[in-house]
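Written below as structure tokens is the structure these notes are about.
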Amino acid sequence: MNYTINLTSAEDKALSYFSMSQQEWIDNAVHERCRIAIDEIAKICVEQCLANNIQIPGSKEAMVDLAFQNGWVITAAQRQAQAEAEMAARMQAEAAATQGA
């Protein structure tokens, strides 16, 4: 996957203030955050595999794939949508209770 970001001139200068290479710093930051997420997902996968008597995949990449396939983890966008739907339902229930009182 390739992603592109756009920086303003000020942002580029600010990044150069603390980084020898802007591109290298960006690459390292993204790779490190991905590593952390992979470790978190792998832990969830191992726990779910053990709880459900499923063979644990041999690589973290396979663990990530399995965790998403089985719905053990979902994307941040999906979590946000779920939270918004729950909040809307709660607000509707509160409004209905207030109107009925």
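The chains in the structure tokens are called A, B, ... from first to last as shown; in each chain the residues are counted from 1, and the ligands are counted from 1 in the order shown.
Within 12 Å of Ala37 in chain A, once only C-alpha atoms are used and residues closer than 2 positions along the same chain are dropped, the contacting residues are A:Val30, A:His31, A:Glu32, A:Arg33, A:Cys34, A:Arg35, A:Asp39, A:Glu40, A:Ile41, A:Ala42, A:Lys43, A:Ile44, A:Lys60, A:Glu61, A:Met63, A:Val64, A:Val73, A:Ile74, A:Thr75, A:Ala76.
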#### Entry: All helix (DSSP H, G or I) residues (DSSP, backbone) inside chain A, as JSON, numbers by chain
{"A": [9, 10, 11, 12, 13, 14, 15, 16, 17, 18, 22, 23, 24, 25, 26, 27, 28, 29, 30, 31, 32, 33, 34, 35, 36, 37, 38, 39, 40, 41, 42, 43, 44, 45, 46, 47, 48, 49, 50, 51, 60, 61, 62, 63, 64, 65, 66, 67, 68, 69, 76, 77, 78, 79, 80, 81, 82, 83, 84, 85, 86, 87, 88, 89, 90, 91, 92, 93, 94, 95, 96, 97, 98, 99, 100]}
### Message
Which residues are near range 21-26 of chain A? Cut-off 12 Å, only C-alpha atoms, ignore same chain within fewer than 6 positions. Put them as a list in words.
### Response
Tyr3, Thr4, Ile5, Asn6, Leu7, Glu11, Asp12, Lys13, Ala14, Leu15, Glu32 and Arg33 of chain A
